[in-house]
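A.B. asks: Provided herewith: start-v4.pdb, PDB, C-alpha atoms.
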ATOM      1  CA  MET Z   1      66.112  31.956 178.806
ATOM      2  CA  SER Z   2      69.039  30.354 180.610
ATOM      3  CA  ALA Z   3      72.594  31.591 180.261
ATOM      4  CA  ASP Z   4      73.482  28.536 178.170
ATOM      5  CA  PRO Z   5      71.017  28.173 175.270
ATOM      6  CA  VAL Z   6      72.334  24.645 174.607
ATOM      7  CA  PRO Z   7      72.227  22.656 177.864
ATOM      8  CA  ASP Z   8      74.384  19.575 178.242
ATOM      9  CA  ASP Z   9      71.515  17.085 177.956
ATOM     10  CA  LEU Z  10      70.450  18.553 174.604
ATOM     11  CA  TRP Z  11      74.003  18.661 173.265
ATOM     12  CA  GLU Z  12      74.745  15.063 174.320
ATOM     13  CA  ARG Z  13      71.814  13.841 172.251
ATOM     14  CA  ILE Z  14      72.363  15.957 169.164
ATOM     15  CA  ALA Z  15      76.167  15.784 168.855
ATOM     16  CA  PRO Z  16      76.285  12.161 167.557
ATOM     17  CA  LEU Z  17      73.724  13.037 164.871
ATOM     18  CA  LEU Z  18      75.581  15.958 163.305
ATOM     19  CA  PRO Z  19      77.340  15.308 159.982
ATOM     20  CA  ALA Z  20      81.112  15.434 159.934
ATOM     21  CA  ARG Z  21      82.592  18.593 158.479
ATOM     22  CA  PRO Z  22      85.010  18.237 155.528
ATOM     23  CA  ALA Z  23      88.694  18.098 156.367
ATOM     24  CA  ARG Z  24      90.564  21.392 156.303
ATOM     25  CA  ARG Z  25      93.162  22.140 153.665
ATOM     26  CA  HIS Z  26      96.718  21.953 154.979
ATOM     27  CA  ARG Z  27      98.329  24.558 152.771
ATOM     28  CA  TYR Z  28      95.654  27.241 153.051
ATOM     29  CA  PRO Z  29      93.529  26.211 156.047
ATOM     30  CA  GLY Z  30      91.851  29.595 156.416
ATOM     31  CA  ARG Z  31      89.886  30.706 159.450
ATOM     32  CA  LEU Z  32      88.920  28.122 162.046
ATOM     33  CA  PRO Z  33      85.234  27.178 161.720
ATOM     34  CA  VAL Z  34      82.813  27.934 164.519
ATOM     35  CA  SER Z  35      82.160  24.905 166.707
ATOM     36  CA  ASP Z  36      78.904  23.036 166.192
ATOM     37  CA  ARG Z  37      77.748  23.738 169.745
ATOM     38  CA  VAL Z  38      78.173  27.485 169.295
ATOM     39  CA  ALA Z  39      76.303  27.351 165.971
ATOM     40  CA  LEU Z  40      73.507  25.373 167.635
ATOM     41  CA  ALA Z  41      73.356  28.065 170.305
ATOM     42  CA  GLY Z  42      72.720  30.618 167.568
ATOM     43  CA  ILE Z  43      69.918  28.497 166.114
ATOM     44  CA  VAL Z  44      68.261  28.008 169.505
ATOM     45  CA  TYR Z  45      68.652  31.731 170.252
ATOM     46  CA  VAL Z  46      66.748  32.662 167.094
ATOM     47  CA  LEU Z  47      64.142  29.962 167.748
ATOM     48  CA  ARG Z  48      63.418  31.197 171.259
ATOM     49  CA  LYS Z  49      63.863  34.928 170.876
ATOM     50  CA  GLY Z  50      62.375  35.298 167.398
ATOM     51  CA  VAL Z  51      65.010  37.802 166.248
ATOM     52  CA  ALA Z  52      66.173  38.084 162.658
ATOM     53  CA  TRP Z  53      69.282  36.124 161.746
ATOM     54  CA  ARG Z  54      71.210  39.331 161.106
ATOM     55  CA  ASP Z  55      70.390  40.530 164.638
ATOM     56  CA  VAL Z  56      71.965  37.597 166.486
ATOM     57  CA  PRO Z  57      74.361  39.168 169.052
ATOM     58  CA  ILE Z  58      77.823  37.721 168.461
ATOM     59  CA  GLN Z  59      78.970  38.828 171.931
ATOM     60  CA  ILE Z  60      76.276  36.701 173.602
ATOM     61  CA  VAL Z  61      75.977  33.715 171.261
ATOM     62  CA  GLY Z  62      79.532  33.449 169.960
ATOM     63  CA  CYS Z  63      78.771  33.366 166.232
ATOM     64  CA  SER Z  64      77.001  35.432 163.623
ATOM     65  CA  GLY Z  65      73.453  34.771 162.532
ATOM     66  CA  VAL Z  66      74.654  33.947 159.013
ATOM     67  CA  THR Z  67      76.819  31.141 160.399
ATOM     68  CA  ALA Z  68      73.927  29.788 162.463
ATOM     69  CA  TRP Z  69      71.606  29.942 159.438
ATOM     70  CA  ARG Z  70      74.089  28.012 157.291
ATOM     71  CA  ARG Z  71      74.387  25.264 159.894
ATOM     72  CA  LEU Z  72      70.589  25.118 160.129
ATOM     73  CA  ARG Z  73      70.450  24.689 156.357
ATOM     74  CA  ASP Z  74      73.133  21.987 156.310
ATOM     75  CA  TRP Z  75      71.740  20.054 159.259
ATOM     76  CA  THR Z  76      68.224  20.231 157.853
ATOM     77  CA  GLU Z  77      69.440  18.758 154.575
ATOM     78  CA  ALA Z  78      71.237  16.022 156.553
ATOM     79  CA  GLY Z  79      68.008  15.088 158.371
ATOM     80  CA  VAL Z  80      69.320  15.847 161.866
ATOM     81  CA  TRP Z  81      66.060  17.124 163.364
ATOM     82  CA  PRO Z  82      63.816  14.086 162.626
ATOM     83  CA  ARG Z  83      66.507  11.773 164.008
ATOM     84  CA  LEU Z  84      66.820  13.869 167.170
ATOM     85  CA  HIS Z  85      63.057  13.713 167.645
ATOM     86  CA  GLU Z  86      63.100   9.939 167.152
ATOM     87  CA  VAL Z  87      65.866   9.507 169.749
ATOM     88  CA  LEU Z  88      63.939  11.488 172.356
ATOM     89  CA  LEU Z  89      60.686   9.619 171.665
ATOM     90  CA  ALA Z  90      62.524   6.329 172.214
ATOM     91  CA  GLU Z  91      63.843   7.591 175.554
ATOM     92  CA  LEU Z  92      60.358   8.647 176.587
ATOM     93  CA  ARG Z  93      58.958   5.232 175.704
ATOM     94  CA  GLU Z  94      61.749   3.485 177.597
ATOM     95  CA  ALA Z  95      60.971   5.610 180.665
ATOM     96  CA  GLY Z  96      57.265   4.767 180.421
ATOM     97  CA  LEU Z  97      56.330   8.374 179.619
ATOM     98  CA  LEU Z  98      54.785   7.766 176.194
ATOM     99  CA  ASP Z  99      51.161   6.688 175.874
ATOM    100  CA  MET Z 100      50.201   6.117 172.242
ATOM    101  CA  ASP Z 101      46.910   4.354 172.842
ATOM    102  CA  ASP Z 102      45.177   7.698 172.342
ATOM    103  CA  ALA Z 103      46.588  10.351 170.001
ATOM    104  CA  ALA Z 104      45.114  13.775 169.280
ATOM    105  CA  ILE Z 105      45.407  15.523 165.901
ATOM    106  CA  ASP Z 106      44.800  19.133 164.946
ATOM    107  CA  GLY Z 107      46.080  22.045 162.849
ATOM    108  CA  SER Z 108      46.901  25.676 163.549
ATOM    109  CA  HIS Z 109      47.366  28.702 161.272
ATOM    110  CA  VAL Z 110      50.426  30.964 161.272
ATOM    111  CA  ARG Z 111      50.923  34.067 159.166
ATOM    112  CA  ALA Z 112      53.646  33.929 156.504
ATOM    113  CA  LEU Z 113      55.295  37.276 155.832
ATOM    114  CA  LYS Z 114      57.217  36.005 152.808
ATOM    115  CA  ARG Z 115      56.327  33.847 149.844
ATOM    116  CA  GLY Z 116      57.650  30.356 149.411
ATOM    117  CA  ASP Z 117      56.631  26.711 149.409
ATOM    118  CA  HIS Z 118      53.656  25.698 151.557
ATOM    119  CA  VAL Z 119      52.192  29.199 151.645
ATOM    120  CA  GLY Z 120      48.585  29.894 150.688
ATOM    121  CA  PRO Z 121      45.690  32.269 151.356
ATOM    122  CA  SER Z 122      44.530  31.738 154.901
ATOM    123  CA  PRO Z 123      40.743  31.383 155.269
ATOM    124  CA  VAL Z 124      40.923  32.590 158.880
ATOM    125  CA  ASP Z 125      43.051  35.676 158.147
ATOM    126  CA  ARG Z 126      41.132  37.399 155.321
ATOM    127  CA  GLY Z 127      43.020  35.518 152.634
ATOM    128  CA  LYS Z 128      46.450  36.763 153.687
ATOM    129  CA  PRO Z 129      49.449  34.486 153.003
ATOM    130  CA  GLY Z 130      49.791  31.875 155.692
ATOM    131  CA  SER Z 131      50.900  28.366 156.551
ATOM    132  CA  LYS Z 132      49.541  25.630 158.742
ATOM    133  CA  HIS Z 133      51.170  23.562 161.454
ATOM    134  CA  HIS Z 134      49.695  20.065 161.677
ATOM    135  CA  LEU Z 135      50.435  18.135 164.849
ATOM    136  CA  ILE Z 136      49.761  14.721 166.326
ATOM    137  CA  VAL Z 137      50.478  14.148 170.016
ATOM    138  CA  ASP Z 138      50.181  11.276 172.462
ATOM    139  CA  ARG Z 139      47.830  11.189 175.441
ATOM    140  CA  HIS Z 140      50.131  13.501 177.437
ATOM    141  CA  GLY Z 141      50.624  16.051 174.649
ATOM    142  CA  THR Z 142      54.056  14.832 173.585
ATOM    143  CA  PRO Z 143      54.598  15.648 169.881
ATOM    144  CA  LEU Z 144      54.801  12.503 167.763
ATOM    145  CA  ALA Z 145      54.972  14.131 164.324
ATOM    146  CA  VAL Z 146      54.558  17.571 162.820
ATOM    147  CA  ALA Z 147      53.927  18.804 159.283
ATOM    148  CA  LEU Z 148      53.830  22.115 157.430
ATOM    149  CA  THR Z 149      51.388  22.973 154.639
ATOM    150  CA  GLY Z 150      49.876  26.022 153.006
ATOM    151  CA  GLY Z 151      47.292  27.995 154.929
ATOM    152  CA  ASN Z 152      44.522  26.927 152.551
ATOM    153  CA  ARG Z 153      45.019  23.182 153.006
ATOM    154  CA  HIS Z 154      42.236  21.318 154.792
ATOM    155  CA  ASP Z 155      43.152  19.613 158.059
ATOM    156  CA  VAL Z 156      41.885  16.219 156.933
ATOM    157  CA  THR Z 157      44.392  16.106 154.046
ATOM    158  CA  GLN Z 158      47.169  15.666 156.628
ATOM    159  CA  LEU Z 159      45.506  12.972 158.705
ATOM    160  CA  LEU Z 160      47.159  10.044 156.932
ATOM    161  CA  PRO Z 161      50.493  11.818 156.251
ATOM    162  CA  LEU Z 162      50.807  12.623 159.966
ATOM    163  CA  LEU Z 163      50.169   9.017 160.944
ATOM    164  CA  ASP Z 164      52.744   7.879 158.365
ATOM    165  CA  ALA Z 165      55.238  10.461 159.647
ATOM    166  CA  ILE Z 166      55.362   8.936 163.135
ATOM    167  CA  PRO Z 167      58.841   7.360 163.306
ATOM    168  CA  PRO Z 168      59.420   3.795 164.506
ATOM    169  CA  ILE Z 169      59.642   4.447 168.243
ATOM    170  CA  ARG Z 170      61.943   2.015 169.990
ATOM    171  CA  GLY Z 171      62.928   1.993 173.649
ATOM    172  CA  LEU Z 172      61.330  -1.326 174.643
ATOM    173  CA  ARG Z 173      61.932  -4.899 173.617
ATOM    174  CA  GLY Z 174      59.969  -6.076 170.634
ATOM    175  CA  ARG Z 175      58.789  -4.308 167.537
ATOM    176  CA  PRO Z 176      58.966  -0.509 167.494
ATOM    177  CA  ARG Z 177      55.696   1.366 167.909
ATOM    178  CA  ARG Z 178      54.553   3.249 164.805
ATOM    179  CA  ARG Z 179      50.875   4.035 165.148
ATOM    180  CA  PRO Z 180      48.337   4.911 167.826
ATOM    181  CA  ARG Z 181      45.300   2.792 168.541
ATOM    182  CA  ARG Z 182      42.718   5.566 168.695
ATOM    183  CA  PRO Z 183      43.342   8.914 166.963
ATOM    184  CA  LEU Z 184      41.087  11.686 168.268
ATOM    185  CA  ALA Z 185      40.069  14.589 166.044
ATOM    186  CA  ASP Z 186      37.474  17.358 165.810
ATOM    187  CA  ARG Z 187      34.722  17.824 163.224
ATOM    188  CA  GLY Z 188      37.158  19.052 160.598
ATOM    189  CA  TYR Z 189      38.220  15.420 160.114
ATOM    190  CA  ASP Z 190      34.666  14.077 159.815
ATOM    191  CA  TYR Z 191      34.856  12.070 156.566
ATOM    192  CA  ASP Z 192      33.729   8.449 156.370
ATOM    193  CA  LYS Z 193      36.320   7.801 153.666
ATOM    194  CA  TYR Z 194      39.132   8.371 156.148
ATOM    195  CA  ARG Z 195      37.362   6.382 158.841
ATOM    196  CA  ARG Z 196      37.321   3.371 156.517
ATOM    197  CA  ILE Z 197      41.003   3.804 155.650
ATOM    198  CA  LEU Z 198      41.960   3.955 159.323
ATOM    199  CA  ARG Z 199      39.953   0.862 160.167
ATOM    200  CA  ARG Z 200      41.657  -1.060 157.355
ATOM    201  CA  ARG Z 201      44.952  -0.147 159.022
ATOM    202  CA  GLY Z 202      43.767  -1.554 162.341
ATOM    203  CA  ILE Z 203      43.190   1.896 163.858
ATOM    204  CA  THR Z 204      39.926   2.835 165.585
ATOM    205  CA  PRO Z 205      39.062   6.464 164.709
ATOM    206  CA  ARG Z 206      37.363   8.673 167.275
ATOM    207  CA  ILE Z 207      36.285  11.701 165.263
ATOM    208  CA  ALA Z 208      33.499  14.108 166.206
ATOM    209  CA  ARG Z 209      30.636  14.278 163.718
ATOM    210  CA  ARG Z 210      29.343  17.423 162.071
ATOM    211  CA  GLY Z 211      25.750  18.451 162.716
ATOM    212  CA  VAL Z 212      25.717  16.832 166.149
ATOM    213  CA  ALA Z 213      25.286  18.871 169.296
ATOM    214  CA  HIS Z 214      28.438  19.590 171.247
ATOM    215  CA  GLY Z 215      29.283  17.218 174.038
ATOM    216  CA  SER Z 216      30.961  14.342 172.226
ATOM    217  CA  GLY Z 217      33.241  13.823 175.217
ATOM    218  CA  LEU Z 218      36.413  13.897 173.116
ATOM    219  CA  GLY Z 219      37.476  17.129 174.768
ATOM    220  CA  LYS Z 220      38.419  15.214 177.914
ATOM    221  CA  THR Z 221      41.370  13.665 176.093
ATOM    222  CA  ARG Z 222      41.783  15.802 172.953
ATOM    223  CA  TRP Z 223      42.627  19.027 174.801
ATOM    224  CA  VAL Z 224      46.298  18.015 175.068
ATOM    225  CA  VAL Z 225      46.924  18.897 171.414
ATOM    226  CA  GLU Z 226      45.600  22.405 172.067
ATOM    227  CA  ARG Z 227      47.983  22.701 175.004
ATOM    228  CA  THR Z 228      50.910  21.640 172.825
ATOM    229  CA  PHE Z 229      49.927  24.281 170.273
ATOM    230  CA  ALA Z 230      50.025  26.752 173.168
ATOM    231  CA  TRP Z 231      53.584  25.601 173.977
ATOM    232  CA  LEU Z 232      54.874  26.183 170.449
ATOM    233  CA  PRO Z 233      54.483  30.018 170.512
ATOM    234  CA  GLN Z 234      56.915  30.041 173.436
ATOM    235  CA  PHE Z 235      59.429  29.607 170.628
ATOM    236  CA  LYS Z 236      58.845  33.065 169.194
ATOM    237  CA  ARG Z 237      60.299  32.275 165.774
ATOM    238  CA  LEU Z 238      57.324  29.960 165.173
ATOM    239  CA  ARG Z 239      54.635  32.571 165.859
ATOM    240  CA  ILE Z 240      55.055  33.952 162.345
ATOM    241  CA  ARG Z 241      56.698  32.178 159.456
ATOM    242  CA  TYR Z 242      59.670  34.253 158.296
ATOM    243  CA  GLU Z 243      61.618  31.571 156.379
ATOM    244  CA  ILE Z 244      61.057  31.448 152.629
ATOM    245  CA  CYS Z 245      62.342  27.864 152.467
ATOM    246  CA  ALA Z 246      59.700  25.562 153.893
ATOM    247  CA  ASP Z 247      62.253  22.953 154.952
ATOM    248  CA  LEU Z 248      64.017  25.470 157.242
ATOM    249  CA  HIS Z 249      60.768  26.386 159.003
ATOM    250  CA  GLN Z 250      59.979  22.684 159.245
ATOM    251  CA  GLY Z 251      63.412  22.105 160.784
ATOM    252  CA  LEU Z 252      62.821  24.772 163.424
ATOM    253  CA  LEU Z 253      59.410  23.264 164.113
ATOM    254  CA  GLN Z 254      60.919  19.806 164.618
ATOM    255  CA  LEU Z 255      63.639  21.225 166.862
ATOM    256  CA  ALA Z 256      60.980  22.888 169.020
ATOM    257  CA  CYS Z 257      59.106  19.574 169.299
ATOM    258  CA  SER Z 258      62.340  17.869 170.345
ATOM    259  CA  ILE Z 259      62.897  20.453 173.074
ATOM    260  CA  ILE Z 260      59.351  19.851 174.331
ATOM    261  CA  CYS Z 261      60.118  16.120 174.504
ATOM    262  CA  LEU Z 262      63.334  16.867 176.391
ATOM    263  CA  ARG Z 263      61.449  18.980 178.923
ATOM    264  CA  ARG Z 264      59.140  16.060 179.623
ATOM    265  CA  LEU Z 265      62.140  13.824 180.228
ATOM    266  CA  ARG Z 266      63.574  16.346 182.690
ATOM    267  CA  THR Z 267      60.364  16.626 184.715
ATOM    268  CA  SER Z 268      60.223  12.848 185.100
ATOM    269  CA  PHE Z 269      63.298  12.711 187.301
TER     270      PHE Z 269
END
Take the structure in the file and write it out as structure tokens.
C.D. replies:
Amino acid sequence: MSADPVPDDLWERIAPLLPARPARRHRYPGRLPVSDRVALAGIVYVLRKGVAWRDVPIQIVGCSGVTAWRRLRDWTEAGVWPRLHEVLLAELREAGLLDMDDAAIDGSHVRALKRGDHVGPSPVDRGKPGSKHHLIVDRHGTPLAVALTGGNRHDVTQLLPLLDAIPPIRGLRGRPRRRPRRPLADRGYDYDKYRRILRRRGITPRIARRGVAHGSGLGKTRWVVERTFAWLPQFKRLRIRYEICADLHQGLLQLACSIICLRRLRTSF
């Protein structure tokens, strides 16, 4: 981890999206609030290191974990993270780094140590409480949308919600791009009902069929979603779900996807 957890390029993109704080009282102003950049540093520190909020080192970050958690809560309610992701996707499309002709979809289980929304018995972890990360990426593995559900939800139930969650991606002249041409998925999405729905939307599904010998050829292009799932555990807070509030874990998940998009922008120069 670099000395500055919030690099300039990340701060320049997120600062215009943050909600304005209420004006201070003149008679009893109280203690000066922690700056937004310092609070964001605390959030990124927890996201990358995976420490508990109470264990955030004030001497290194500059604020307490409670302060960082409160800003995460407020900014999540204000919808900062989806807008940040949309801004970065537009920049990628403008730079010619986004290829939405093919999009890969998949889901991954994470253990949930606490109860809360979108928690259910995981069928791959002996029925222990868990959640699922559902992800759709472009041909290069760039996250387009992400969703959180209970660990007992079937992958195919999030096929259409993930496609609908892709924001209108601008960056080029003309209409914004909102959907891929060919979504690729494994046998867990093999339902003719969903194939018909996708075709009615003008989307050509490429989904492996159950009961057919391996060798469908989709692995040549679908592997990028597995690689993106391998990138997410680099943010240690996402390896296990600690947040009781599902929207806070979703916010951290969206922030991690935004950082992945920012990394791709950096490597293009």
A.B. asks: What would the list of residues within 8 Å of (70.2, 38.7, 163.4) (file frame) look like as a list in words, if all atoms listed in the file are what count?
C.D. replies: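 Neighbouring residues, ordered by chain and number, come to Val46, Val51, Ala52, Trp53, Arg54, Asp55, Val56, Pro57, Ser64, Gly65 and Val66 of chain Z.
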A.B. asks: Given the file above and the PyMOL selection byres ((chain Z and resi 176) around 12), which residues are selected, and can you give them as a PyMOL selection string?
C.D. replies: chain Z and resi 86+89-90+93-94+100+166-175+177-180
A.B. asks: As a list in words, please: the residues near range 202-212 of chain Z (cut-off 8 Å, only C-alpha atoms, same-chain neighbours under 4 positions excluded).
C.D. replies: Pro180, Arg181, Arg182, Pro183, Leu184, Ala185, Asp186, Arg187, Tyr189, Asp190, Arg195, Leu198, Ser216 and Leu218 of chain Z
A.B. asks: Can you measure CA of Ile136 in chain Z to CA of Leu162 in chain Z for me? One decimal in Å is fine.
C.D. replies: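 Straight-line distance from CA of Ile136 in chain Z to CA of Leu162 in chain Z works out to 6.8 Å.
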A.B. asks: So how many Å separate CA of Ile58 in chain Z and CA of Trp75 in chain Z, to one decimal?
C.D. replies: 20.8 Å
A.B. asks: For the atom pair CA of Cys261 in chain Z and CA of His109 in chain Z, what is the interatomic distance in Å to one decimal place?
C.D. replies: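 Value for the CA of Cys261 in chain Z-CA of His109 in chain Z distance: 22.3 Å.
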A.B. asks: On this structure, which residues satisfy the PyMOL selection byres ((chain Z and resi 244) around 8), written as an mmCIF file with C-alpha atoms, in the coordinates of the input?
C.D. replies:
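To be explicit, this is the file written out as result09.cif:
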data_model
loop_
_atom_site.group_PDB
_atom_site.id
_atom_site.type_symbol
_atom_site.label_atom_id
_atom_site.label_comp_id
_atom_site.auth_asym_id
_atom_site.auth_seq_id
_atom_site.Cartn_x
_atom_site.Cartn_y
_atom_site.Cartn_z
ATOM 1 C CA LYS Z 114 57.217 36.005 152.808
ATOM 2 C CA ARG Z 115 56.327 33.847 149.844
ATOM 3 C CA GLY Z 116 57.650 30.356 149.411
ATOM 4 C CA ASP Z 117 56.631 26.711 149.409
ATOM 5 C CA TYR Z 242 59.670 34.253 158.296
ATOM 6 C CA GLU Z 243 61.618 31.571 156.379
ATOM 7 C CA CYS Z 245 62.342 27.864 152.467
ATOM 8 C CA ALA Z 246 59.700 25.562 153.893
#
A.B. asks: If we draw a sphere of 10 Å around (59.5, 16.8, 170.3), which residues have at least one atom in it when counting only C-alpha atoms? Please report them as a PyMOL selection string.
C.D. replies: chain Z and resi 81-82+84-89+137+141-146+253-264
A.B. asks: Skipping near chain neighbours, those fewer than 3 positions away, what residues fall within 9 Å of Asp247 in chain Z using all atoms listed in the file, listed as a list in words?
C.D. replies: Arg73, Thr76, Glu77, Asp117, Leu148, Glu243, Ile244, Gln250, Gly251 and Leu252 of chain Z
